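**Student:** Contents of final37.txt (compact mmCIF, C-alpha atoms) are given next:
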```
# COMPACT_ATOMS: atom_id res chain seq x y z
CA MET Y 1 0.00 0.00 0.00
CA ILE Y 2 2.88 2.34 0.77
CA GLU Y 3 4.09 1.85 -2.81
CA PHE Y 4 1.18 4.05 -3.79
CA ALA Y 5 3.18 6.96 -2.38
CA PHE Y 6 5.95 6.25 -4.88
CA TYR Y 7 3.56 6.07 -7.83
CA ALA Y 8 1.73 9.20 -6.72
CA ALA Y 9 4.97 11.19 -6.40
CA VAL Y 10 6.17 9.94 -9.78
CA GLY Y 11 2.83 10.84 -11.35
CA ILE Y 12 2.89 14.33 -9.91
CA ALA Y 13 6.50 14.84 -11.01
CA VAL Y 14 5.78 13.66 -14.56
CA LEU Y 15 2.58 15.68 -14.86
CA SER Y 16 4.11 18.90 -13.58
CA THR Y 17 7.19 18.42 -15.78
CA LEU Y 18 4.93 17.97 -18.79
CA LEU Y 19 3.08 21.16 -17.88
CA THR Y 20 6.43 22.94 -17.47
CA VAL Y 21 7.69 22.24 -20.95
CA THR Y 22 4.34 22.93 -22.62
CA SER Y 23 3.51 26.12 -20.77
CA ALA Y 24 3.47 29.45 -22.61
CA HIS Y 25 4.19 31.75 -19.69
CA PRO Y 26 7.66 31.56 -18.07
CA VAL Y 27 6.39 32.15 -14.54
CA HIS Y 28 3.75 29.40 -14.88
CA ALA Y 29 6.42 27.05 -16.14
CA LEU Y 30 8.66 27.93 -13.18
CA LEU Y 31 5.85 27.22 -10.71
CA TYR Y 32 5.24 23.83 -12.29
CA LEU Y 33 8.97 23.14 -12.23
CA ILE Y 34 9.12 23.91 -8.50
CA VAL Y 35 6.27 21.43 -7.92
CA SER Y 36 8.19 18.84 -9.95
CA LEU Y 37 11.33 19.39 -7.85
CA LEU Y 38 9.33 19.02 -4.63
CA ALA Y 39 7.86 15.76 -5.94
CA ALA Y 40 11.40 14.57 -6.69
CA ALA Y 41 12.35 15.44 -3.09
CA VAL Y 42 9.49 13.21 -1.87
CA LEU Y 43 10.86 10.44 -4.11
CA PHE Y 44 14.33 10.84 -2.61
CA PHE Y 45 12.91 10.55 0.91
CA LEU Y 46 10.94 7.42 -0.02
CA LEU Y 47 14.10 5.82 -1.43
CA GLY Y 48 16.02 6.28 1.82
CA ALA Y 49 18.01 9.41 0.95
CA PRO Y 50 16.73 12.13 3.30
CA PHE Y 51 19.89 14.22 2.97
CA ALA Y 52 19.44 14.44 -0.80
CA ALA Y 53 15.76 15.29 -0.31
CA MET Y 54 16.67 18.12 2.04
CA LEU Y 55 19.31 19.44 -0.37
CA GLU Y 56 16.85 19.27 -3.26
CA VAL Y 57 14.31 21.40 -1.43
CA ILE Y 58 16.76 23.92 0.01
CA VAL Y 59 19.25 24.29 -2.84
CA TYR Y 60 17.43 23.30 -6.03
CA ALA Y 61 13.88 24.53 -5.38
CA GLY Y 62 14.92 27.15 -2.87
CA ALA Y 63 17.94 28.80 -4.48
CA ILE Y 64 18.26 27.87 -8.14
CA MET Y 65 14.56 28.25 -8.96
CA VAL Y 66 14.42 31.49 -6.96
CA LEU Y 67 17.31 32.75 -9.09
CA PHE Y 68 15.27 31.87 -12.17
CA VAL Y 69 12.24 33.72 -10.83
CA PHE Y 70 14.34 36.78 -10.02
CA VAL Y 71 15.81 36.89 -13.51
CA VAL Y 72 12.37 36.49 -15.11
CA MET Y 73 11.13 39.36 -12.99
CA MET Y 74 14.20 41.43 -13.91
CA LEU Y 75 13.65 40.96 -17.62
CA ASN Y 76 10.38 42.86 -17.34
CA LEU Y 77 9.11 41.53 -20.62
CA GLY Y 78 7.67 44.61 -22.25
CA SER Y 79 4.07 45.71 -22.74
CA THR Y 80 2.68 42.22 -22.19
CA VAL Y 81 3.53 42.51 -18.49
CA VAL Y 82 0.14 44.05 -17.58
CA GLU Y 83 -1.87 41.26 -19.21
CA HIS Y 84 0.39 38.74 -17.59
CA GLU Y 85 -0.20 40.40 -14.22
CA ARG Y 86 -3.94 39.99 -14.69
CA GLN Y 87 -3.43 36.37 -15.66
CA LEU Y 88 -1.32 35.80 -12.56
CA ILE Y 89 -4.08 37.11 -10.29
CA ALA Y 90 -6.79 35.18 -12.15
CA PRO Y 91 -7.69 31.96 -10.31
CA ARG Y 92 -7.41 29.95 -13.52
CA ALA Y 93 -3.59 30.31 -13.45
CA TRP Y 94 -3.45 28.92 -9.92
CA ALA Y 95 -5.66 25.90 -10.51
CA GLY Y 96 -2.99 23.62 -11.93
CA PRO Y 97 -0.13 24.25 -9.45
CA GLY Y 98 -2.64 24.40 -6.61
CA VAL Y 99 -4.14 20.98 -7.32
CA LEU Y 100 -0.74 19.35 -7.78
CA SER Y 101 0.67 20.95 -4.63
CA LEU Y 102 -2.39 19.89 -2.65
CA LEU Y 103 -1.97 16.27 -3.73
CA LEU Y 104 1.72 16.41 -2.80
CA PHE Y 105 0.90 17.92 0.57
CA LEU Y 106 -1.64 15.20 1.34
CA GLU Y 107 0.97 12.59 0.54
CA VAL Y 108 3.59 14.26 2.75
CA ALA Y 109 1.07 14.55 5.60
CA LEU Y 110 0.30 10.85 5.29
CA LEU Y 111 4.00 9.97 5.39
CA ILE Y 112 4.58 12.19 8.44
CA THR Y 113 1.74 10.61 10.38
CA LYS Y 114 2.98 7.14 9.51
CA GLY Y 115 6.42 8.04 10.89
CA THR Y 116 8.35 5.35 9.00
CA PRO Y 117 11.86 6.69 8.29
CA HIS Y 118 12.53 4.96 4.96
CA PRO Y 119 9.34 3.35 3.73
CA LEU Y 120 10.48 1.99 0.39
CA ALA Y 121 14.17 1.22 0.84
CA ASP Y 122 16.16 -1.34 2.79
CA ALA Y 123 18.12 1.20 4.78
CA GLU Y 124 18.34 4.91 5.32
CA ILE Y 125 21.61 6.49 4.29
CA GLY Y 126 21.65 9.53 6.49
CA ALA Y 127 23.61 12.74 6.57
CA LYS Y 128 26.43 11.40 8.76
CA GLN Y 129 27.23 8.47 6.50
CA THR Y 130 27.10 10.72 3.44
CA ALA Y 131 29.31 13.33 5.09
CA LEU Y 132 31.86 10.72 6.16
CA ALA Y 133 32.08 9.51 2.58
CA LEU Y 134 32.13 13.06 1.23
CA TYR Y 135 35.05 14.16 3.39
CA GLY Y 136 36.78 10.79 3.16
CA PRO Y 137 37.17 9.12 -0.23
CA TYR Y 138 35.48 11.91 -2.16
CA LEU Y 139 37.43 14.85 -0.76
CA LEU Y 140 38.92 15.70 -4.13
CA ALA Y 141 35.44 15.99 -5.60
CA VAL Y 142 34.53 18.59 -2.97
CA GLU Y 143 37.57 20.67 -3.86
CA LEU Y 144 36.81 20.42 -7.57
CA ALA Y 145 33.19 21.41 -6.94
CA SER Y 146 34.31 24.51 -5.07
CA MET Y 147 36.58 25.44 -7.98
CA LEU Y 148 33.63 24.97 -10.34
CA LEU Y 149 31.53 27.29 -8.21
CA LEU Y 150 34.31 29.87 -8.19
CA GLY Y 151 34.47 29.69 -11.97
CA GLY Y 152 30.70 30.10 -12.19
CA LEU Y 153 30.81 33.07 -9.84
CA VAL Y 154 33.48 34.87 -11.85
CA ALA Y 155 31.74 34.11 -15.13
CA ALA Y 156 28.34 35.26 -13.89
CA TYR Y 157 29.81 38.48 -12.51
CA HIS Y 158 31.65 39.22 -15.74
CA LEU Y 159 28.82 38.28 -18.09
CA GLY Y 160 26.19 40.11 -16.07
CA ARG Y 161 27.79 43.49 -16.38
CA ARG Y 162 26.41 46.21 -18.60
CA GLU Y 163 29.16 47.99 -20.46
CA MET O 1 15.16 -5.80 -1.35
CA GLY O 2 13.14 -2.65 -0.91
CA ALA O 3 9.53 -2.36 -1.90
CA ILE O 4 10.38 -0.37 -5.02
CA SER O 5 12.87 -2.00 -7.37
CA MET O 6 15.71 -0.04 -8.91
CA GLU O 7 14.17 -0.50 -12.34
CA GLN O 8 11.05 1.44 -11.36
CA GLY O 9 13.15 4.33 -10.06
CA LEU O 10 15.27 4.32 -13.20
CA PHE O 11 12.13 4.21 -15.34
CA ALA O 12 10.79 7.29 -13.56
CA ALA O 13 14.13 9.04 -14.10
CA GLY O 14 14.02 8.07 -17.76
CA VAL O 15 10.54 9.49 -18.25
CA LEU O 16 11.52 12.79 -16.64
CA PHE O 17 14.74 12.95 -18.67
CA THR O 18 12.80 12.37 -21.90
CA LEU O 19 10.32 15.10 -21.06
CA GLY O 20 13.20 17.49 -20.41
CA LEU O 21 14.87 16.48 -23.65
CA ALA O 22 11.64 17.06 -25.61
CA GLY O 23 11.27 20.48 -24.03
CA LEU O 24 14.91 21.31 -24.81
CA LEU O 25 14.47 20.45 -28.47
CA ALA O 26 11.02 21.93 -28.98
CA ARG O 27 11.20 25.29 -27.22
CA ARG O 28 12.86 28.38 -28.70
CA ASN O 29 12.64 30.65 -25.69
CA VAL O 30 16.03 30.46 -23.98
CA LEU O 31 14.46 30.48 -20.51
CA PHE O 32 12.55 27.31 -21.35
CA VAL O 33 15.74 25.78 -22.73
CA LEU O 34 17.46 26.39 -19.38
CA MET O 35 14.45 25.00 -17.50
CA SER O 36 14.53 21.84 -19.64
CA LEU O 37 18.22 21.45 -18.82
CA GLU O 38 17.36 21.65 -15.11
CA ILE O 39 14.71 18.97 -15.59
CA MET O 40 17.27 16.70 -17.25
CA LEU O 41 19.84 17.25 -14.48
CA ASN O 42 17.23 16.48 -11.83
CA ALA O 43 16.26 13.30 -13.65
CA ALA O 44 19.91 12.21 -13.70
CA GLY O 45 20.08 12.86 -9.96
CA LEU O 46 16.97 10.73 -9.42
CA ALA O 47 18.62 7.90 -11.34
CA PHE O 48 21.65 8.10 -9.05
CA ILE O 49 19.48 8.12 -5.91
CA ALA O 50 17.52 5.09 -7.13
CA ALA O 51 20.77 3.20 -7.74
CA GLY O 52 22.16 4.22 -4.34
CA SER O 53 18.99 2.97 -2.68
CA ARG O 54 19.51 -0.42 -4.27
CA TRP O 55 23.21 -0.70 -3.28
CA MET O 56 22.68 1.02 0.11
CA GLN O 57 25.69 3.30 -0.32
CA PRO O 58 26.02 7.05 0.22
CA ASP O 59 27.89 7.53 -3.06
CA SER O 60 24.64 8.33 -4.82
CA GLN O 61 23.89 11.26 -2.54
CA ILE O 62 27.45 12.53 -3.03
CA MET O 63 26.98 12.37 -6.78
CA PHE O 64 23.69 14.20 -6.33
CA ILE O 65 25.50 16.95 -4.38
CA LEU O 66 27.96 17.31 -7.25
CA ILE O 67 25.11 17.43 -9.79
CA LEU O 68 23.48 20.13 -7.67
CA THR O 69 26.71 22.13 -7.66
CA LEU O 70 27.00 21.76 -11.41
CA ALA O 71 23.39 22.89 -11.90
CA ALA O 72 23.93 25.93 -9.69
CA ALA O 73 27.05 27.04 -11.56
CA GLU O 74 25.40 26.37 -14.93
CA VAL O 75 22.27 28.33 -14.00
CA ALA O 76 24.33 31.29 -12.81
CA VAL O 77 26.34 31.49 -16.01
CA GLY O 78 23.33 30.68 -18.21
CA LEU O 79 21.14 33.36 -16.70
CA ALA O 80 23.94 35.92 -17.04
CA LEU O 81 24.06 35.00 -20.73
CA VAL O 82 20.26 35.34 -20.91
CA LEU O 83 20.55 38.86 -19.53
CA GLN O 84 23.21 39.71 -22.12
CA LEU O 85 21.02 38.25 -24.88
CA TYR O 86 18.02 40.29 -23.79
CA HIS O 87 20.17 43.40 -23.44
CA ARG O 88 21.44 43.14 -27.00
CA TYR O 89 18.45 41.78 -28.93
CA GLN O 90 15.46 42.69 -26.71
CA SER O 91 14.20 39.18 -27.35
CA LEU O 92 14.62 35.76 -25.77
CA ASP O 93 14.35 33.87 -29.04
CA THR O 94 17.36 31.61 -29.58
CA ASP O 95 16.75 31.74 -33.32
CA MET O 96 18.00 35.33 -33.21
CA LEU O 97 21.49 33.96 -32.61
CA ASP O 98 22.11 32.73 -36.12
CA SER O 99 25.28 34.56 -37.10
CA MET O 100 28.73 35.10 -35.71
CA LYS O 101 30.92 38.14 -36.05
CA GLY O 102 34.35 38.04 -37.58
```
What does the file become when written as structure tokens?
**Tutor:**
Amino acid sequence: MIEFAFYAAVGIAVLSTLLTVTSAHPVHALLYLIVSLLAAAVLFFLLGAPFAAMLEVIVYAGAIMVLFVFVVMMLNLGSTVVEHERQLIAPRAWAGPGVLSLLLFLEVALLITKGTPHPLADAEIGAKQTALALYGPYLLAVELASMLLLGGLVAAYHLGRRE
Amino acid sequence: MGAISMEQGLFAAGVLFTLGLAGLLARRNVLFVLMSLEIMLNAAGLAFIAAGSRWMQPDSQIMFILILTLAAAEVAVGLALVLQLYHRYQSLDTDMLDSMKG
């Protein structure tokens, strides 16, 4: 019966991803994409990877998607902004993300009340085990990742300037 | 063996990756291209997590952290390029970039 949680989360992720790539309005697509990332976080938790689920919510949906939303707002896409504002306030635009988010929330509430730590996996691989591996055998990867971030920072600063 | 086999997790990752790929190929707006790339990276991360659940090792979450880092750096640089594109052409259509100087 608990496998239904997996199928529900996969269904929500697939449906919201489909609505992301077929949407006409960038902000609608971003909202659907955030729902898809949250559904993926639920999948990670079900598969016994709570650390990855936490990182997905905080970093992916919470930082990268917010960066997207900020840039879309900054672009200020011309005279169509007013009509888009009206569409954003109209309840029709909220129906899709609202229904999907409600289904996801019901599933998360069910999982919380059940209280099982890793319902669909053999073992939970928690933060401590991941951190021990990260700062043990994979230390070089951490250093390379920080160099990659430094390169991205310099490139974004340089490319974002107006001459 | 967990209740969900690795094949089901990989199948879900494959479906998401295919949807992202279709969006990447079909859309012309550069913002949607970047969003499709994020969908594909997330699907790859889901594949890693599904495999790590089967082998019960933390290596999958470490790979997911690295994928996350890569996505963050790529989004930062990509959005800076989007701003430059909009600044020069006042449009987000990738078909505007059809010639090179020099």
**Student:** For a quick test of understanding: name the residues of chain Y lying within 6 Å of chain O when counting all atoms listed in the file, and present them as a list in words.
**Tutor:**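 Only these qualify: Val21, Leu47, Ala52, Leu120, Ala121, Asp122, Thr130, Leu149, Gly152, Ala156, Leu159 and Gly160 of chain Y.
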**Student:** Find the residues around Thr17 of chain Y up to 7 Å (only C-alpha atoms counted), leave out those fewer than 5 positions away in its own chain, and share them as a VMD selection string.
**Tutor:** (chain Y and resid 32 to 33 36) or (chain O and resid 19)
**Student:** Write out, as a compact mmCIF listing (two decimals), in the coordinates of the input, the residues just selected, with C-alpha atoms.
**Tutor:**
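Result file selection.txt:
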```txt
# COMPACT_ATOMS: atom_id res chain seq x y z
CA TYR Y 32 5.24 23.83 -12.29
CA LEU Y 33 8.97 23.14 -12.23
CA SER Y 36 8.19 18.84 -9.95
CA LEU O 19 10.32 15.10 -21.06
```
**Student:** Mind giving me the straight-line distance from atom CA of Val99 of chain Y to atom CA of Leu41 of chain O in Å, one decimal?
**Tutor:**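 These atoms are spaced 25.3 Å apart.
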**Student:** Could you check which of O:Ala44, O:Leu37, O:Val30, O:Leu10 is closest to Asp93 of chain O, using only C-alpha atoms?
**Tutor:**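 Nearest candidate to Asp93 of chain O out of O:Ala44, O:Leu37, O:Val30, O:Leu10: O:Val30.
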**Student:** Interatomic distance between atom CA of Phe51 of chain Y and atom CA of Met65 of chain Y?
**Tutor:**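 Computing it gives 19.2 Å between the two atoms.
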**Student:** Mind filling out segment 6-34 of chain O with N, CA and C atoms and sending it as a PDB file, in the frame of the given file?
**Tutor:**
```pdb
ATOM      1  N   MET O   6      14.887  -1.069  -8.290  1.00  0.00           N
ATOM      2  CA  MET O   6      15.710  -0.040  -8.910  1.00  0.00           C
ATOM      3  C   MET O   6      15.192   0.284 -10.295  1.00  0.00           C
ATOM      4  N   GLU O   7      14.625  -0.727 -10.973  1.00  0.00           N
ATOM      5  CA  GLU O   7      14.170  -0.500 -12.340  1.00  0.00           C
ATOM      6  C   GLU O   7      13.029   0.508 -12.381  1.00  0.00           C
ATOM      7  N   GLN O   8      12.165   0.487 -11.361  1.00  0.00           N
ATOM      8  CA  GLN O   8      11.050   1.440 -11.360  1.00  0.00           C
ATOM      9  C   GLN O   8      11.568   2.861 -11.153  1.00  0.00           C
ATOM     10  N   GLY O   9      12.560   3.008 -10.265  1.00  0.00           N
ATOM     11  CA  GLY O   9      13.150   4.330 -10.060  1.00  0.00           C
ATOM     12  C   GLY O   9      13.847   4.826 -11.312  1.00  0.00           C
ATOM     13  N   LEU O  10      14.577   3.927 -11.976  1.00  0.00           N
ATOM     14  CA  LEU O  10      15.270   4.320 -13.200  1.00  0.00           C
ATOM     15  C   LEU O  10      14.281   4.648 -14.309  1.00  0.00           C
ATOM     16  N   PHE O  11      13.147   3.922 -14.326  1.00  0.00           N
ATOM     17  CA  PHE O  11      12.130   4.210 -15.340  1.00  0.00           C
ATOM     18  C   PHE O  11      11.558   5.606 -15.126  1.00  0.00           C
ATOM     19  N   ALA O  12      11.294   5.944 -13.848  1.00  0.00           N
ATOM     20  CA  ALA O  12      10.790   7.290 -13.560  1.00  0.00           C
ATOM     21  C   ALA O  12      11.800   8.342 -13.984  1.00  0.00           C
ATOM     22  N   ALA O  13      13.089   8.094 -13.695  1.00  0.00           N
ATOM     23  CA  ALA O  13      14.130   9.040 -14.100  1.00  0.00           C
ATOM     24  C   ALA O  13      14.188   9.155 -15.621  1.00  0.00           C
ATOM     25  N   GLY O  14      13.992   8.043 -16.307  1.00  0.00           N
ATOM     26  CA  GLY O  14      14.020   8.070 -17.760  1.00  0.00           C
ATOM     27  C   GLY O  14      12.877   8.880 -18.349  1.00  0.00           C
ATOM     28  N   VAL O  15      11.689   8.730 -17.750  1.00  0.00           N
ATOM     29  CA  VAL O  15      10.540   9.490 -18.250  1.00  0.00           C
ATOM     30  C   VAL O  15      10.780  10.986 -18.070  1.00  0.00           C
ATOM     31  N   LEU O  16      11.273  11.370 -16.889  1.00  0.00           N
ATOM     32  CA  LEU O  16      11.520  12.790 -16.640  1.00  0.00           C
ATOM     33  C   LEU O  16      12.596  13.320 -17.574  1.00  0.00           C
ATOM     34  N   PHE O  17      13.663  12.513 -17.782  1.00  0.00           N
ATOM     35  CA  PHE O  17      14.740  12.950 -18.670  1.00  0.00           C
ATOM     36  C   PHE O  17      14.216  13.151 -20.091  1.00  0.00           C
ATOM     37  N   THR O  18      13.337  12.249 -20.532  1.00  0.00           N
ATOM     38  CA  THR O  18      12.800  12.370 -21.900  1.00  0.00           C
ATOM     39  C   THR O  18      11.933  13.601 -22.042  1.00  0.00           C
ATOM     40  N   LEU O  19      11.140  13.893 -21.006  1.00  0.00           N
ATOM     41  CA  LEU O  19      10.320  15.100 -21.060  1.00  0.00           C
ATOM     42  C   LEU O  19      11.202  16.343 -21.138  1.00  0.00           C
ATOM     43  N   GLY O  20      12.286  16.356 -20.347  1.00  0.00           N
ATOM     44  CA  GLY O  20      13.200  17.490 -20.410  1.00  0.00           C
ATOM     45  C   GLY O  20      13.866  17.608 -21.762  1.00  0.00           C
ATOM     46  N   LEU O  21      14.230  16.474 -22.333  1.00  0.00           N
ATOM     47  CA  LEU O  21      14.870  16.480 -23.650  1.00  0.00           C
ATOM     48  C   LEU O  21      13.906  17.006 -24.705  1.00  0.00           C
ATOM     49  N   ALA O  22      12.635  16.575 -24.645  1.00  0.00           N
ATOM     50  CA  ALA O  22      11.640  17.060 -25.610  1.00  0.00           C
ATOM     51  C   ALA O  22      11.450  18.554 -25.480  1.00  0.00           C
ATOM     52  N   GLY O  23      11.401  19.037 -24.237  1.00  0.00           N
ATOM     53  CA  GLY O  23      11.270  20.480 -24.030  1.00  0.00           C
ATOM     54  C   GLY O  23      12.465  21.236 -24.544  1.00  0.00           C
ATOM     55  N   LEU O  24      13.681  20.654 -24.348  1.00  0.00           N
ATOM     56  CA  LEU O  24      14.910  21.310 -24.810  1.00  0.00           C
ATOM     57  C   LEU O  24      14.895  21.445 -26.324  1.00  0.00           C
ATOM     58  N   LEU O  25      14.421  20.414 -27.018  1.00  0.00           N
ATOM     59  CA  LEU O  25      14.470  20.450 -28.470  1.00  0.00           C
ATOM     60  C   LEU O  25      13.350  21.272 -29.063  1.00  0.00           C
ATOM     61  N   ALA O  26      12.189  21.324 -28.362  1.00  0.00           N
ATOM     62  CA  ALA O  26      11.020  21.930 -28.980  1.00  0.00           C
ATOM     63  C   ALA O  26      10.905  23.420 -28.715  1.00  0.00           C
ATOM     64  N   ARG O  27      11.420  23.896 -27.579  1.00  0.00           N
ATOM     65  CA  ARG O  27      11.200  25.290 -27.220  1.00  0.00           C
ATOM     66  C   ARG O  27      12.284  26.186 -27.809  1.00  0.00           C
ATOM     67  N   ARG O  28      11.884  27.413 -28.180  1.00  0.00           N
ATOM     68  CA  ARG O  28      12.860  28.380 -28.700  1.00  0.00           C
ATOM     69  C   ARG O  28      13.241  29.425 -27.683  1.00  0.00           C
ATOM     70  N   ASN O  29      12.354  29.669 -26.727  1.00  0.00           N
ATOM     71  CA  ASN O  29      12.640  30.650 -25.690  1.00  0.00           C
ATOM     72  C   ASN O  29      13.776  30.128 -24.814  1.00  0.00           C
ATOM     73  N   VAL O  30      14.819  30.954 -24.646  1.00  0.00           N
ATOM     74  CA  VAL O  30      16.030  30.460 -23.980  1.00  0.00           C
ATOM     75  C   VAL O  30      15.781  30.138 -22.516  1.00  0.00           C
ATOM     76  N   LEU O  31      14.779  30.822 -21.896  1.00  0.00           N
ATOM     77  CA  LEU O  31      14.460  30.480 -20.510  1.00  0.00           C
ATOM     78  C   LEU O  31      13.930  29.072 -20.413  1.00  0.00           C
ATOM     79  N   PHE O  32      13.089  28.670 -21.370  1.00  0.00           N
ATOM     80  CA  PHE O  32      12.550  27.310 -21.350  1.00  0.00           C
ATOM     81  C   PHE O  32      13.625  26.287 -21.666  1.00  0.00           C
ATOM     82  N   VAL O  33      14.617  26.678 -22.474  1.00  0.00           N
ATOM     83  CA  VAL O  33      15.740  25.780 -22.730  1.00  0.00           C
ATOM     84  C   VAL O  33      16.496  25.509 -21.430  1.00  0.00           C
ATOM     85  N   LEU O  34      16.760  26.573 -20.654  1.00  0.00           N
ATOM     86  CA  LEU O  34      17.460  26.390 -19.380  1.00  0.00           C
ATOM     87  C   LEU O  34      16.630  25.561 -18.409  1.00  0.00           C
TER      88      LEU O  34
END
```
